[in-house]
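What follows is the content of final.txt (compact mmCIF, C-alpha atoms).
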```
# COMPACT_ATOMS: atom_id res chain seq x y z
CA MET A 1 221.72 -77.53 -174.92
CA THR A 2 219.22 -76.29 -172.33
CA VAL A 3 218.81 -77.47 -168.76
CA ASP A 4 215.65 -77.03 -166.70
CA ILE A 5 216.84 -76.19 -163.20
CA THR A 6 213.38 -75.93 -161.67
CA ASN A 7 214.28 -79.07 -159.74
CA PRO A 8 217.46 -78.36 -157.76
CA GLY A 9 217.98 -82.07 -157.15
CA GLY A 10 218.11 -82.77 -160.87
CA PRO A 11 221.23 -83.23 -163.00
CA ALA A 12 222.22 -79.58 -163.45
CA PRO A 13 225.84 -78.94 -164.47
CA PHE A 14 227.42 -75.97 -162.75
CA ALA A 15 229.33 -73.49 -164.87
CA GLY A 16 231.73 -72.15 -162.22
CA ASP A 17 233.81 -68.98 -162.43
CA ASP A 18 234.54 -67.07 -165.63
CA ARG A 19 231.69 -68.64 -167.59
CA VAL A 20 228.64 -66.65 -168.74
CA VAL A 21 225.35 -68.51 -168.38
CA PRO A 22 222.43 -67.55 -170.67
CA PHE A 23 218.99 -68.28 -169.23
CA GLN A 24 215.30 -67.97 -169.95
CA VAL A 25 212.27 -67.68 -167.70
CA GLU A 26 209.33 -68.55 -169.93
CA GLY A 27 206.75 -67.75 -167.28
CA LEU A 28 207.95 -64.15 -167.17
CA ASP A 29 208.84 -63.68 -170.85
CA VAL A 30 212.41 -62.77 -169.93
CA ARG A 31 215.82 -63.80 -171.11
CA GLY A 32 219.12 -62.95 -169.55
CA ARG A 33 222.71 -63.76 -168.78
CA ALA A 34 224.52 -64.24 -165.49
CA VAL A 35 228.16 -64.63 -164.51
CA THR A 36 230.55 -64.93 -161.59
CA LEU A 37 234.11 -63.85 -162.35
CA GLY A 38 237.07 -65.02 -160.30
CA PRO A 39 240.54 -65.69 -161.77
CA LEU A 40 239.84 -63.47 -164.80
CA THR A 41 238.96 -60.40 -162.72
CA ASP A 42 241.76 -60.99 -160.24
CA ALA A 43 244.37 -61.33 -163.00
CA ILE A 44 243.34 -58.07 -164.69
CA LEU A 45 243.19 -56.06 -161.48
CA SER A 46 246.27 -57.54 -159.79
CA ARG A 47 248.67 -56.60 -162.56
CA HIS A 48 247.73 -52.92 -162.14
CA ASN A 49 247.62 -52.83 -158.32
CA TYR A 50 244.65 -50.45 -158.32
CA PRO A 51 243.37 -48.91 -155.07
CA ALA A 52 240.32 -50.83 -153.81
CA PRO A 53 237.68 -48.23 -154.89
CA VAL A 54 239.06 -48.23 -158.45
CA ALA A 55 239.29 -52.01 -158.53
CA ARG A 56 235.66 -52.34 -157.50
CA LEU A 57 234.45 -50.03 -160.26
CA LEU A 58 236.58 -51.67 -162.95
CA SER A 59 235.53 -55.17 -161.91
CA GLU A 60 231.87 -54.20 -162.30
CA THR A 61 232.67 -52.74 -165.73
CA ILE A 62 234.30 -56.05 -166.69
CA ALA A 63 231.24 -58.00 -165.53
CA LEU A 64 228.91 -55.76 -167.53
CA THR A 65 231.09 -56.08 -170.62
CA VAL A 66 231.28 -59.88 -170.62
CA LEU A 67 227.53 -60.15 -170.03
CA LEU A 68 226.86 -58.03 -173.11
CA GLY A 69 229.82 -59.11 -175.22
CA THR A 70 229.03 -62.83 -175.10
CA SER A 71 225.70 -62.08 -176.78
CA LEU A 72 227.46 -60.86 -179.96
CA LYS A 73 226.57 -62.95 -183.00
CA PHE A 74 229.58 -61.89 -185.06
CA GLU A 75 233.35 -61.70 -184.89
CA GLY A 76 234.04 -58.25 -183.55
CA LYS A 77 234.45 -56.12 -180.45
CA LEU A 78 232.30 -54.57 -177.79
CA ILE A 79 233.96 -51.68 -175.95
CA VAL A 80 232.36 -50.33 -172.78
CA GLN A 81 233.87 -47.16 -171.37
CA THR A 82 233.17 -44.24 -169.08
CA GLN A 83 234.55 -40.71 -169.43
CA THR A 84 233.69 -38.58 -166.43
CA ASP A 85 234.90 -35.71 -164.23
CA GLY A 86 235.12 -37.69 -160.99
CA PRO A 87 238.16 -39.15 -159.21
CA VAL A 88 237.89 -42.27 -161.39
CA ASN A 89 237.67 -40.47 -164.71
CA PHE A 90 238.10 -43.32 -167.19
CA LEU A 91 237.12 -46.99 -167.22
CA VAL A 92 237.29 -49.25 -170.26
CA ALA A 93 236.65 -52.94 -170.86
CA ASP A 94 237.16 -54.46 -174.27
CA PHE A 95 235.51 -57.76 -175.28
CA ALA A 96 236.75 -59.43 -178.47
CA ALA A 97 234.35 -62.13 -179.64
CA PRO A 98 234.07 -64.91 -178.85
CA ASP A 99 235.81 -64.90 -175.46
CA ALA A 100 238.66 -62.42 -174.86
CA VAL A 101 238.49 -59.67 -172.22
CA ARG A 102 240.85 -56.88 -171.26
CA ALA A 103 240.37 -53.70 -169.19
CA TYR A 104 242.05 -50.82 -167.42
CA ALA A 105 241.22 -47.66 -165.48
CA ARG A 106 242.59 -44.14 -165.06
CA PHE A 107 242.13 -42.07 -161.94
CA ASP A 108 243.36 -38.94 -160.19
CA ASP A 109 245.43 -39.95 -157.15
CA ASP A 110 244.83 -36.75 -155.21
CA ALA A 111 241.10 -36.59 -155.99
CA LEU A 112 240.68 -40.26 -155.07
CA ALA A 113 242.52 -39.82 -151.77
CA ALA A 114 240.32 -36.83 -150.94
CA ALA A 115 237.16 -38.76 -151.79
CA VAL A 116 238.20 -41.71 -149.62
CA LYS A 117 239.06 -39.39 -146.73
CA ALA A 118 235.64 -37.74 -147.04
CA GLY A 119 233.89 -41.11 -147.20
CA GLN A 120 232.66 -40.42 -150.73
CA THR A 121 233.32 -43.84 -152.23
CA GLU A 122 229.93 -44.73 -153.68
CA PRO A 123 230.12 -45.47 -157.43
CA HIS A 124 228.31 -42.30 -158.46
CA GLN A 125 230.60 -40.20 -156.26
CA LEU A 126 233.75 -41.73 -157.73
CA LEU A 127 232.53 -41.47 -161.31
CA GLY A 128 231.04 -37.98 -161.22
CA LYS A 129 229.37 -36.60 -164.33
CA GLY A 130 230.06 -37.73 -167.88
CA VAL A 131 229.05 -40.52 -170.23
CA LEU A 132 228.88 -44.28 -170.49
CA ALA A 133 229.54 -45.41 -174.08
CA PHE A 134 228.94 -48.74 -175.79
CA THR A 135 230.88 -49.22 -179.03
CA ILE A 136 230.42 -52.15 -181.41
CA ASP A 137 233.20 -52.71 -183.93
CA GLN A 138 232.67 -55.45 -186.52
CA GLY A 139 236.11 -54.97 -188.02
CA GLU A 140 237.47 -53.71 -191.30
CA HIS A 141 235.11 -52.38 -193.98
CA THR A 142 232.35 -51.75 -191.43
CA GLN A 143 231.23 -48.64 -189.61
CA ARG A 144 231.45 -48.53 -185.84
CA TYR A 145 228.21 -48.17 -183.92
CA GLN A 146 228.26 -46.21 -180.67
CA GLY A 147 225.51 -45.66 -178.14
CA ILE A 148 226.00 -43.12 -175.36
CA VAL A 149 224.08 -42.53 -172.16
CA ALA A 150 224.66 -39.79 -169.60
CA LEU A 151 226.24 -40.46 -166.22
CA ASP A 152 225.02 -37.88 -163.73
CA GLY A 153 224.68 -39.49 -160.34
CA GLU A 154 223.74 -42.89 -161.76
CA THR A 155 225.47 -46.20 -161.08
CA LEU A 156 226.77 -48.35 -163.92
CA GLU A 157 223.72 -50.58 -163.39
CA GLU A 158 221.29 -47.72 -163.84
CA ALA A 159 223.12 -46.21 -166.81
CA ALA A 160 223.33 -49.55 -168.63
CA ALA A 161 219.62 -50.19 -168.12
CA ALA A 162 218.86 -46.69 -169.41
CA TYR A 163 220.94 -47.38 -172.52
CA PHE A 164 218.86 -50.45 -173.39
CA ARG A 165 215.60 -48.64 -172.77
CA GLN A 166 216.58 -45.65 -174.90
CA SER A 167 218.71 -47.18 -177.66
CA GLU A 168 217.40 -50.72 -177.98
CA GLN A 169 213.84 -50.18 -176.72
CA ILE A 170 214.17 -53.24 -174.48
CA PRO A 171 213.15 -53.06 -170.81
CA THR A 172 216.26 -54.21 -168.95
CA LYS A 173 217.32 -54.86 -165.37
CA VAL A 174 221.05 -54.92 -164.57
CA LYS A 175 222.71 -56.09 -161.34
CA LEU A 176 226.47 -55.77 -160.82
CA ALA A 177 228.69 -56.51 -157.85
CA SER A 178 232.33 -56.78 -156.85
CA ALA A 179 234.07 -58.19 -153.81
CA GLU A 180 237.46 -58.69 -152.21
CA LEU A 181 238.09 -62.22 -151.01
CA PHE A 182 240.47 -62.91 -148.16
CA ASP A 183 241.39 -66.53 -147.40
CA ARG A 184 244.41 -68.77 -146.79
CA ASP A 185 246.34 -70.98 -149.14
CA ALA A 186 247.33 -74.61 -148.49
CA ASP A 187 250.25 -73.40 -146.35
CA GLY A 188 248.04 -71.17 -144.21
CA LYS A 189 249.36 -67.95 -145.73
CA MET A 190 246.84 -65.12 -146.16
CA ARG A 191 245.91 -64.26 -149.72
CA HIS A 192 243.72 -61.66 -151.35
CA SER A 193 241.76 -61.73 -154.61
CA TYR A 194 239.05 -59.81 -156.45
CA ARG A 195 235.77 -61.18 -157.69
CA ALA A 196 232.86 -59.78 -159.68
CA GLY A 197 229.43 -60.88 -160.74
CA GLY A 198 226.46 -59.70 -162.71
CA LEU A 199 222.99 -60.37 -163.99
CA VAL A 200 221.17 -58.90 -166.99
CA VAL A 201 217.44 -59.56 -167.37
CA GLN A 202 215.48 -58.37 -170.43
CA PHE A 203 211.74 -58.37 -171.11
CA LEU A 204 211.08 -59.93 -174.53
CA PRO A 205 207.38 -60.89 -174.79
CA GLU A 206 205.99 -62.48 -177.95
CA ALA A 207 203.45 -59.65 -178.21
CA PRO A 208 205.49 -56.47 -178.88
CA GLU A 209 202.67 -54.20 -177.72
CA ARG A 210 203.25 -55.45 -174.16
CA MET A 211 206.52 -53.52 -174.18
CA ARG A 212 204.69 -50.17 -174.47
CA GLN A 213 204.90 -49.38 -170.81
CA ARG A 214 206.40 -46.73 -168.61
CA ASP A 215 209.76 -48.48 -168.36
CA LEU A 216 210.27 -47.45 -171.99
CA HIS A 217 208.26 -44.25 -172.18
CA GLY A 218 209.35 -42.29 -169.16
CA GLY A 219 206.46 -42.72 -166.76
CA ASP A 220 202.71 -42.22 -166.59
CA GLY A 221 201.27 -39.45 -168.70
CA ASP A 222 204.03 -39.44 -171.29
CA ASN A 223 202.66 -37.71 -174.42
CA GLY A 224 199.22 -37.70 -172.84
CA HIS A 225 199.07 -41.47 -172.32
CA ASP A 226 199.20 -43.72 -169.28
CA PHE A 227 201.56 -46.66 -169.75
CA GLU A 228 200.97 -49.31 -167.14
CA GLU A 229 203.94 -51.55 -166.46
CA ASP A 230 203.38 -55.17 -167.52
CA ASP A 231 202.76 -57.32 -164.43
CA THR A 232 205.18 -60.06 -165.44
CA TRP A 233 207.97 -57.55 -166.09
CA SER A 234 207.30 -55.95 -162.71
CA GLU A 235 207.62 -59.37 -161.11
CA ALA A 236 210.83 -60.16 -163.02
CA GLN A 237 212.43 -56.89 -161.88
CA MET A 238 211.38 -57.47 -158.29
CA LEU A 239 212.86 -60.99 -158.27
CA ALA A 240 216.11 -59.87 -159.92
CA SER A 241 216.43 -57.02 -157.40
CA THR A 242 216.67 -59.52 -154.55
CA ALA A 243 220.05 -60.79 -155.84
CA GLY A 244 222.52 -59.33 -153.35
CA PRO A 245 226.20 -58.51 -153.95
CA GLU A 246 227.30 -61.41 -151.78
CA GLU A 247 225.30 -63.85 -153.93
CA LEU A 248 226.51 -62.43 -157.23
CA THR A 249 230.15 -62.88 -156.16
CA ASP A 250 229.96 -66.00 -153.92
CA PRO A 251 232.53 -68.56 -155.17
CA ASP A 252 230.56 -71.41 -153.59
CA LEU A 253 227.01 -70.52 -154.65
CA GLY A 254 227.18 -70.88 -158.41
CA VAL A 255 225.16 -69.06 -161.06
CA GLU A 256 222.67 -71.91 -161.49
CA ARG A 257 221.79 -72.01 -157.79
CA LEU A 258 221.31 -68.25 -157.80
CA LEU A 259 219.03 -68.41 -160.84
CA PHE A 260 217.04 -71.20 -159.20
CA ARG A 261 216.59 -69.12 -156.05
CA LEU A 262 215.43 -66.13 -158.05
CA PHE A 263 213.14 -67.71 -160.62
CA HIS A 264 212.34 -71.34 -159.76
CA GLU A 265 208.63 -70.69 -159.25
CA ARG A 266 208.37 -69.47 -162.85
CA GLY A 267 210.47 -72.19 -164.46
CA VAL A 268 214.02 -71.15 -165.33
CA ARG A 269 216.14 -72.80 -168.01
CA VAL A 270 219.86 -72.35 -168.51
CA TYR A 271 221.82 -72.74 -171.73
CA ASP A 272 225.39 -73.81 -172.39
CA ALA A 273 227.84 -71.62 -170.50
CA GLN A 274 230.38 -69.61 -172.48
CA PRO A 275 233.90 -69.29 -171.03
CA VAL A 276 235.68 -65.94 -171.05
CA PHE A 277 239.40 -65.33 -170.71
CA ASP A 278 241.84 -62.60 -169.67
CA ARG A 279 243.49 -62.12 -173.05
CA CYS A 280 245.03 -58.97 -174.50
CA SER A 281 245.25 -58.37 -178.25
CA CYS A 282 248.49 -56.40 -178.16
CA SER A 283 251.62 -57.77 -179.84
CA GLU A 284 255.09 -56.66 -180.84
CA ASP A 285 254.05 -56.58 -184.51
CA LYS A 286 251.02 -54.38 -183.80
CA ILE A 287 253.08 -51.90 -181.76
CA ARG A 288 255.76 -51.85 -184.44
CA GLY A 289 253.09 -51.11 -187.04
CA VAL A 290 251.88 -48.12 -185.02
CA LEU A 291 255.42 -46.77 -184.60
CA GLN A 292 256.08 -47.10 -188.33
CA GLY A 293 253.35 -44.52 -188.88
CA PHE A 294 255.19 -41.94 -186.71
CA THR A 295 257.20 -39.11 -188.18
CA ALA A 296 260.93 -38.89 -187.51
CA GLU A 297 260.27 -36.09 -184.99
CA GLU A 298 257.67 -38.19 -183.17
CA ILE A 299 260.02 -41.16 -183.03
CA ALA A 300 262.81 -38.96 -181.68
CA SER A 301 260.54 -37.71 -178.89
CA THR A 302 259.85 -41.28 -177.73
CA ILE A 303 263.49 -42.32 -177.35
CA GLU A 304 264.61 -42.79 -173.77
CA ASP A 305 267.98 -44.21 -172.71
CA GLY A 306 268.71 -45.13 -176.29
CA GLU A 307 265.57 -47.16 -176.93
CA ILE A 308 261.85 -46.87 -177.49
CA GLN A 309 259.69 -48.37 -174.76
CA VAL A 310 255.95 -48.91 -175.14
CA THR A 311 253.79 -50.33 -172.36
CA CYS A 312 250.33 -51.70 -173.09
CA GLU A 313 247.83 -49.97 -170.83
CA PHE A 314 245.63 -53.04 -170.77
CA CYS A 315 248.03 -55.85 -169.87
CA SER A 316 251.12 -53.87 -168.77
CA THR A 317 253.38 -55.77 -171.20
CA ARG A 318 256.42 -53.67 -172.06
CA TYR A 319 257.84 -53.67 -175.59
CA ARG A 320 261.30 -52.38 -176.46
CA PHE A 321 262.50 -51.27 -179.89
CA LYS A 322 265.70 -49.88 -181.37
CA PRO A 323 265.20 -46.36 -182.78
CA GLU A 324 267.08 -47.23 -185.97
CA GLU A 325 264.21 -49.52 -186.93
CA PHE A 326 262.09 -46.44 -187.57
CA ILE A 327 264.52 -43.61 -188.33
CA VAL A 328 265.72 -43.52 -191.92
CA PRO A 329 269.32 -42.22 -192.04
CA ASN A 330 270.03 -39.16 -194.17
```
Can you dump the structure from the file as structure tokens?
Amino acid sequence: MTVDITNPGGPAPFAGDDRVVPFQVEGLDVRGRAVTLGPLTDAILSRHNYPAPVARLLSETIALTVLLGTSLKFEGKLIVQTQTDGPVNFLVADFAAPDAVRAYARFDDDALAAAVKAGQTEPHQLLGKGVLAFTIDQGEHTQRYQGIVALDGETLEEAAAAYFRQSEQIPTKVKLASAELFDRDADGKMRHSYRAGGLVVQFLPEAPERMRQRDLHGGDGDNGHDFEEDDTWSEAQMLASTAGPEELTDPDLGVERLLFRLFHERGVRVYDAQPVFDRCSCSEDKIRGVLQGFTAEEIASTIEDGEIQVTCEFCSTRYRFKPEEFIVPN
């Protein structure tokens, strides 16, 4: 189902939190997806108790992953991860089609404390240099596809857009945001939660030759040619750029109202929203299967206080096993 939200007084259903909204702006030849994340982001971040700078980066990674993952047309996984030399050296978000999300981060406590003390808490300062990787896994009997783009002073937004330009040859604009929400519950007690939001806009004109412009080819004069940016794509990028962090994360605004504000003059349509959930794929049987592949020496090295304990890095669930399950007696 599609809904024309050009008229804000019309019967437009609102998706709410944790639901990705696909949209199309026919007047600009663009398609995209938008989302505001509330309970999902807060649940993932709260169980790890990350410092605020780490939580902000991971929440943006989650938003990017659900925006891209919900576009998958097959049962499989999209894994988005960074590996860098900065204080926050590893971020990963894992989307299992059609709707399951999990994520975690690794960071250097001392390096992070030093960065915060020095006021170096911008995303590119926390990430440092490294790579942003997109991995698509369609399951057994298929080969994984991985696309990699360099991180060297770029934000996640900039690196993701660069990936689509270079690997998919699609001009893309990405906006990501995170926020901490402080309010009071019904009893007047203060509470704290994390939110995230994002917007991906892609230029997909019917005439492919319109995509031969500097956004794809690295600027004027590339290979001796001048590539002028398509006017409608320039307009689409300009409009998307006006979406501020407070709008992308506002629990009261709603994705549809934001899309109307950005694109109503060009006629924006939204499609059925797709819910996403905080759901880990770990299980006792899966962990047991991994341990059964260990050698006796490896099993022995994992025993602590007479048992084997394994904690899932994604959801923090702890599994306990008896060593005799895996050690064959002589």
Among the residues A:Met190, A:Val88, A:Ala300, A:Leu176, the one that comes closest to Gly130 in chain A [using all atoms listed in the file]: A:Val88
Mind pulling up the distance from CA of Glu298 in chain A to CA of Ile327 in chain A?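 If I compute the distance from CA of Ile327 in chain A to CA of Glu298 in chain A, I get 10.1 Å.
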Give me the residues of range 126-186 of chain A that have any atom at most 12 Å from an atom of range 62-66 of chain A; for each, the nearest atom pair and the distance in Å, rounded to one decimal. Use all atoms listed in the file, sort by chain and number, and format it as a Markdown table.
```
| residue | atom | partner | partner_atom | distance |
| --- | --- | --- | --- | --- |
| A:Leu132 | CA | A:Leu64 | CA | 11.9 |
| A:Ala133 | CA | A:Thr65 | CA | 11.3 |
| A:Phe134 | CA | A:Thr65 | CA | 9.2 |
| A:Thr135 | CA | A:Thr65 | CA | 10.9 |
| A:Ile136 | CA | A:Thr65 | CA | 11.5 |
| A:Leu156 | CA | A:Leu64 | CA | 8.5 |
| A:Glu157 | CA | A:Leu64 | CA | 8.4 |
| A:Glu158 | CA | A:Leu64 | CA | 11.7 |
| A:Ala159 | CA | A:Leu64 | CA | 11.2 |
| A:Ala160 | CA | A:Leu64 | CA | 8.4 |
| A:Ala161 | CA | A:Leu64 | CA | 10.8 |
| A:Lys173 | CA | A:Leu64 | CA | 11.8 |
| A:Val174 | CA | A:Leu64 | CA | 8.4 |
| A:Lys175 | CA | A:Leu64 | CA | 8.8 |
| A:Leu176 | CA | A:Ala63 | CA | 7.1 |
| A:Ala177 | CA | A:Ala63 | CA | 8.2 |
| A:Ser178 | CA | A:Ala63 | CA | 8.8 |
```
In Å and to one decimal, CA of Lys77 in chain A is distant from CA of Gly139 in chain A by 7.8 Å
Looking at only C-alpha atoms, which of A:Ala113, A:Gln138, A:Arg269, A:Asp17 is the one that sits closest to Lys73 in chain A?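 Closest to Lys73 in chain A of all the choices is A:Gln138.
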Proximity to Ala96 in chain A - best of A:Thr41, A:Ser71, A:Thr61, A:Thr302, all atoms listed in the file: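 Looking only at the distances to Ala96 in chain A, the closest residue turns out to be A:Ser71.
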Could you check the closest approach to Gly38 in chain A for each of A:Leu58, A:Leu181, A:Val290, A:Ile299 and tell me which residue wins, using all atoms listed in the file?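 Residue with the minimum atom-to-atom distance to Gly38 in chain A: A:Leu181.
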Straight-line distance linking CA of Asp42 in chain A with CA of Ala15 in chain A, stated in Å to one decimal: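 Taking CA of Asp42 in chain A as the start and CA of Ala15 in chain A as the end point, the length is 18.2 Å.
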